[in-house]
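Here is the structure we will look at, set down as structure tokens.
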Amino acid sequence: MIESTKRHESGVHEECGIFGVISKQKSSLAREVYYGLFALQHRGQESAGIAVNVPDRRIAYYKNMGLVNEVFSEEELSLLPDSDIAIGHVRYSTCGSSNVVNAQPVVFYGRYGRMAIAHNGNIVNAGSIKKWLIDRGHIFQSSVDSEVVAALINYYTTSSVENGVQKAALDFVGAFAVVCMADNKLIAIRDKYGLKPLVMGKKGDSVIFASETCALDAVDAEFVRDVEPGEMITVTPDGKIKSHKYAVPDPHPCVFEYVYLARSDSVIDGVSVYDARYKCGMELAKLYKIDADIVAGVPDSATVCARGYADVSGLPMVDALTKNRYIGRTFIQPSQSMRESSVKIKLNAFRSNIKGKRLILIDDSIVRGTTSRKIISLLRASGAKEVHMLVGSPPVKCPCFFGVDMETRDQLIGAYKSEEEICREIGADSLHFIPLELLVKSCGGGPYCTACFDGNYPMEVDEEFIANGMEE
């Protein structure tokens with residue numbers, strides 16, 4: 001057993017989307033994965049990749065930088081042959097690790113022939129595991145912790161691939177949802193905290209794993225259940241499904257999935273994302289009765305929360321902002337300069353709806369404050385008389401070590417400014433956040449990982465790595 005380390009060393013922080021499918025019949029599964037990844041595009045807009053199983057334990061794959069429909073034209077999809085197993089991945093990265101070599105799936109030649117993995121999450125002790133493997137002669141080509149995941153799985157794969165996956169998972173400290181294609185099997189595994197979502201579905205004789213239920217809907221698959229925290233599921237092409245609890249579960253799913261990351265039409269761990277956001281809006285309306293004329297949400301993830309507020313408050317809900325659908329999500333752009341530039345072309349205001357009006361603007365979160373400041377400035381320039389901001393989550397005060405792009409405290413406006421100071425910084429007439437207990441209540445009660453709001457990490461972590469820079 002490798003000794004775990006408290007220090008985060010991997011230098012890569014991802015919030016990604018994964019998709020895997022296995023079928024009794026060979027067919028164009030690459031296209032199935034393509035549609036699944038398209039539905040998960042909100043989880044990563046920097047790179048995309050698909051790998052398919054071919055005879056003699058070989059794997060054909062293609063991955064590149066860009067959106068799913070940019071990476072995969074008809075030509076690229078036609079190059080991926082019919083298969084009985086396929087996996088896919090969409091990814092975004094932080095600054096400095098934006099490179100095609102870091103795109104997934106990770107495909108390599110291992111002890112059971114070709115293997116491929118797609119990983120969502122962040123392995124806190126990836127640096128120490130990487131060093132341990134390098135000392136034993138392993139060579140790495142990328143800076144992603146997903147390659148470390150692949151390498152350790154292969155190192156432990158002796159009697160079976162499943163054995164290798166289980167043993168590796170016990171050494172990982174952090175968050176992971178993984179689909180692994182090897183030895184003519186599809187293996188799905190989720191960390192014991194369930195920090196990252198992973199669901200299982202069925203379509204005919206196919207079994208599917210995906211980050212969110214919206215991806216199952218995109219391929220007309222039926223939701224079966226969530227992969228449970230600490231569970232590994234193995235599926236073979238003949239349809240046999242084998243479940244194994246490799247670790248004692250300690251469920252603490254990421255509450256930020258409900259706040260922002262997941263799509264509103266998804267259901268995660270039995271809780272509707274739509275319902276959670278709507279209830280947050282209702283709670284905000286009960287708490288904060290503001291003298292205003294209209295209510296609006298920042299599209300898209302705050303729209304449902306705004307509807308909940310409007311329904312309880314009785315104020316009319318209007319469209320204050322329109323979104324350019326061809327621009328990626330500003331929060332997950334790889335650099336701050338890209339985030340600031342993309343806000344300018346991503347949103348525009350409906351002047352006729354807001355001119356001369358006192359507006360309650362609802363957003364899902366305030367992380368860095370950059371987007372909020374620019375949106376409020378835009379609304380004022382478009383004629384809004386007052387802009388009162390309500391937020392469907394508490395102030396983000398602490399870094400996330402588990403795969404969401406909030407890696408240092410100095411990036412988080414809530415870590416060093418009070419509510420009043422944030423209000424002045426973003427230029428709002430007033431600002432209020434939903435209390436953490438009401439957020440958790442709106443999301444079904446938990447338990448959840450709420451560390452970005454309160455610093456209560458589900459495992460022991462050390463912020464020392466922040467001061468030491470990031471590995472490239």
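Within each chain, counting starts at residue 1; across the structure tokens, chains are named A, B, ... in the order shown, with ligands numbered 1 upward in that order.
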Mind checking DSSP for segment 266-417 of chain A and telling me the helix (DSSP H, G or I) residues as JSON, numbers by chain? {"A": [273, 274, 275, 276, 277, 278, 279, 280, 281, 282, 283, 284, 285, 286, 287, 303, 304, 305, 306, 307, 308, 309, 310, 311, 312, 313, 330, 331, 332, 336, 337, 338, 339, 340, 341, 342, 343, 344, 345, 346, 351, 352, 353, 354, 370, 371, 372, 373, 374, 375, 376, 377, 378, 379, 380, 381, 409, 410, 411, 413, 414, 415, 416]}
Which residues are close to Val273 of chain A, i.e. within 7 Å by only C-alpha atoms, leaving aside same-chain residues fewer than 6 positions away? Reply as JSON, numbers by chain. {"A": [258, 264, 265, 266, 267]}
Selected residues written out, N, CA, C and O atoms, as an mmCIF file, in the first residue's frame:
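Result file part15.cif:
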data_model
loop_
_atom_site.group_PDB
_atom_site.id
_atom_site.type_symbol
_atom_site.label_atom_id
_atom_site.label_comp_id
_atom_site.auth_asym_id
_atom_site.auth_seq_id
_atom_site.Cartn_x
_atom_site.Cartn_y
_atom_site.Cartn_z
ATOM 1 N N TYR A 258 -25.246 20.848 -7.431
ATOM 2 C CA TYR A 258 -26.619 21.353 -7.454
ATOM 3 C C TYR A 258 -26.649 22.868 -7.633
ATOM 4 O O TYR A 258 -27.577 23.402 -8.244
ATOM 5 N N SER A 264 -29.735 21.458 -15.139
ATOM 6 C CA SER A 264 -30.950 21.523 -14.321
ATOM 7 C C SER A 264 -31.854 20.315 -14.485
ATOM 8 O O SER A 264 -32.620 19.966 -13.578
ATOM 9 N N ASP A 265 -31.779 19.640 -15.639
ATOM 10 C CA ASP A 265 -32.663 18.500 -15.868
ATOM 11 C C ASP A 265 -32.071 17.182 -15.389
ATOM 12 O O ASP A 265 -32.657 16.123 -15.624
ATOM 13 N N SER A 266 -30.928 17.231 -14.721
ATOM 14 C CA SER A 266 -30.322 16.009 -14.197
ATOM 15 C C SER A 266 -30.835 15.689 -12.799
ATOM 16 O O SER A 266 -31.313 16.575 -12.072
ATOM 17 N N VAL A 267 -30.721 14.423 -12.445
ATOM 18 C CA VAL A 267 -31.017 13.959 -11.087
ATOM 19 C C VAL A 267 -29.753 13.297 -10.562
ATOM 20 O O VAL A 267 -29.218 12.374 -11.179
#
May I have the residues within 12 Å of Gly414 of chain A as number ranges by chain, using only C-alpha atoms and disregarding those fewer than 5 positions away in the same chain? A: 365-369, 393-399, 406, 408-409, 419-423, 425, 433, 452-454
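Distance annotation: of A:Leu361, A:Ala451, A:Ile22, A:Ala218, the residue with the minimal separation from Ile241 of chain A is A:Ile22; atom set is only C-alpha atoms.
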Atomic separation - atom CA of Gly174 of chain A relative to atom CA of Gly230 of chain A, Å: 12.4 Å
Using only C-alpha atoms, the shortest atom-to-atom distance to Tyr309 of chain A among A:Val235, A:Val71, A:Ala292, A:Leu284 belongs to A:Leu284
For Leu216 of chain A, find every residue with an atom within 9 Å (counting only C-alpha atoms), except residues of its own chain fewer than 2 positions away, and show them as a ChimeraX atom specification. /A:36,39,199-203,208-210,212-214,218-223
N, CA and C atoms of the current selection, written as a PDB file, in the first residue's frame:
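selection28.pdb, written as the output of this step:
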ATOM      1  N   GLY A  36     -23.878  11.376 -25.983  1.00  0.00           N
ATOM      2  CA  GLY A  36     -23.767  11.483 -24.527  1.00  0.00           C
ATOM      3  C   GLY A  36     -22.848  12.622 -24.108  1.00  0.00           C
ATOM      4  N   ALA A  39     -24.384  16.039 -24.459  1.00  0.00           N
ATOM      5  CA  ALA A  39     -25.245  16.395 -23.328  1.00  0.00           C
ATOM      6  C   ALA A  39     -24.435  16.808 -22.105  1.00  0.00           C
ATOM      7  N   VAL A 199     -23.783   7.775 -12.829  1.00  0.00           N
ATOM      8  CA  VAL A 199     -25.053   7.053 -12.888  1.00  0.00           C
ATOM      9  C   VAL A 199     -24.948   5.892 -13.874  1.00  0.00           C
ATOM     10  N   MET A 200     -25.839   4.920 -13.688  1.00  0.00           N
ATOM     11  CA  MET A 200     -25.903   3.765 -14.577  1.00  0.00           C
ATOM     12  C   MET A 200     -27.264   3.738 -15.248  1.00  0.00           C
ATOM     13  N   GLY A 201     -27.275   3.406 -16.546  1.00  0.00           N
ATOM     14  CA  GLY A 201     -28.521   3.296 -17.274  1.00  0.00           C
ATOM     15  C   GLY A 201     -28.513   2.108 -18.207  1.00  0.00           C
ATOM     16  N   LYS A 202     -29.658   1.837 -18.834  1.00  0.00           N
ATOM     17  CA  LYS A 202     -29.771   0.738 -19.798  1.00  0.00           C
ATOM     18  C   LYS A 202     -30.525   1.202 -21.026  1.00  0.00           C
ATOM     19  N   LYS A 203     -30.114   0.660 -22.154  1.00  0.00           N
ATOM     20  CA  LYS A 203     -30.813   0.903 -23.404  1.00  0.00           C
ATOM     21  C   LYS A 203     -30.766  -0.396 -24.200  1.00  0.00           C
ATOM     22  N   ILE A 208     -24.964   1.563 -19.712  1.00  0.00           N
ATOM     23  CA  ILE A 208     -24.331   2.861 -19.899  1.00  0.00           C
ATOM     24  C   ILE A 208     -23.987   3.468 -18.544  1.00  0.00           C
ATOM     25  N   PHE A 209     -22.817   4.118 -18.471  1.00  0.00           N
ATOM     26  CA  PHE A 209     -22.432   4.913 -17.307  1.00  0.00           C
ATOM     27  C   PHE A 209     -22.190   6.344 -17.776  1.00  0.00           C
ATOM     28  N   ALA A 210     -22.620   7.303 -16.969  1.00  0.00           N
ATOM     29  CA  ALA A 210     -22.453   8.708 -17.352  1.00  0.00           C
ATOM     30  C   ALA A 210     -22.370   9.573 -16.109  1.00  0.00           C
ATOM     31  N   GLU A 212     -24.003  12.345 -15.617  1.00  0.00           N
ATOM     32  CA  GLU A 212     -25.315  12.867 -15.246  1.00  0.00           C
ATOM     33  C   GLU A 212     -26.417  12.141 -16.005  1.00  0.00           C
ATOM     34  N   THR A 213     -27.603  12.183 -15.437  1.00  0.00           N
ATOM     35  CA  THR A 213     -28.742  11.533 -16.077  1.00  0.00           C
ATOM     36  C   THR A 213     -29.134  12.214 -17.385  1.00  0.00           C
ATOM     37  N   CYS A 214     -28.791  13.494 -17.558  1.00  0.00           N
ATOM     38  CA  CYS A 214     -29.132  14.163 -18.813  1.00  0.00           C
ATOM     39  C   CYS A 214     -28.451  13.494 -19.994  1.00  0.00           C
ATOM     40  N   ALA A 218     -30.178  11.816 -23.384  1.00  0.00           N
ATOM     41  CA  ALA A 218     -29.754  12.191 -24.741  1.00  0.00           C
ATOM     42  C   ALA A 218     -29.660  10.996 -25.676  1.00  0.00           C
ATOM     43  N   VAL A 219     -29.460   9.799 -25.111  1.00  0.00           N
ATOM     44  CA  VAL A 219     -29.346   8.593 -25.947  1.00  0.00           C
ATOM     45  C   VAL A 219     -30.543   7.665 -25.742  1.00  0.00           C
ATOM     46  N   ASP A 220     -31.618   8.207 -25.161  1.00  0.00           N
ATOM     47  CA  ASP A 220     -32.851   7.444 -24.925  1.00  0.00           C
ATOM     48  C   ASP A 220     -32.626   6.218 -24.046  1.00  0.00           C
ATOM     49  N   ALA A 221     -31.738   6.359 -23.066  1.00  0.00           N
ATOM     50  CA  ALA A 221     -31.484   5.264 -22.129  1.00  0.00           C
ATOM     51  C   ALA A 221     -32.322   5.448 -20.869  1.00  0.00           C
ATOM     52  N   GLU A 222     -32.596   4.354 -20.211  1.00  0.00           N
ATOM     53  CA  GLU A 222     -33.378   4.357 -18.976  1.00  0.00           C
ATOM     54  C   GLU A 222     -32.436   4.421 -17.780  1.00  0.00           C
ATOM     55  N   PHE A 223     -32.711   5.325 -16.869  1.00  0.00           N
ATOM     56  CA  PHE A 223     -31.926   5.417 -15.640  1.00  0.00           C
ATOM     57  C   PHE A 223     -32.168   4.179 -14.771  1.00  0.00           C
TER      58      PHE A 223
END
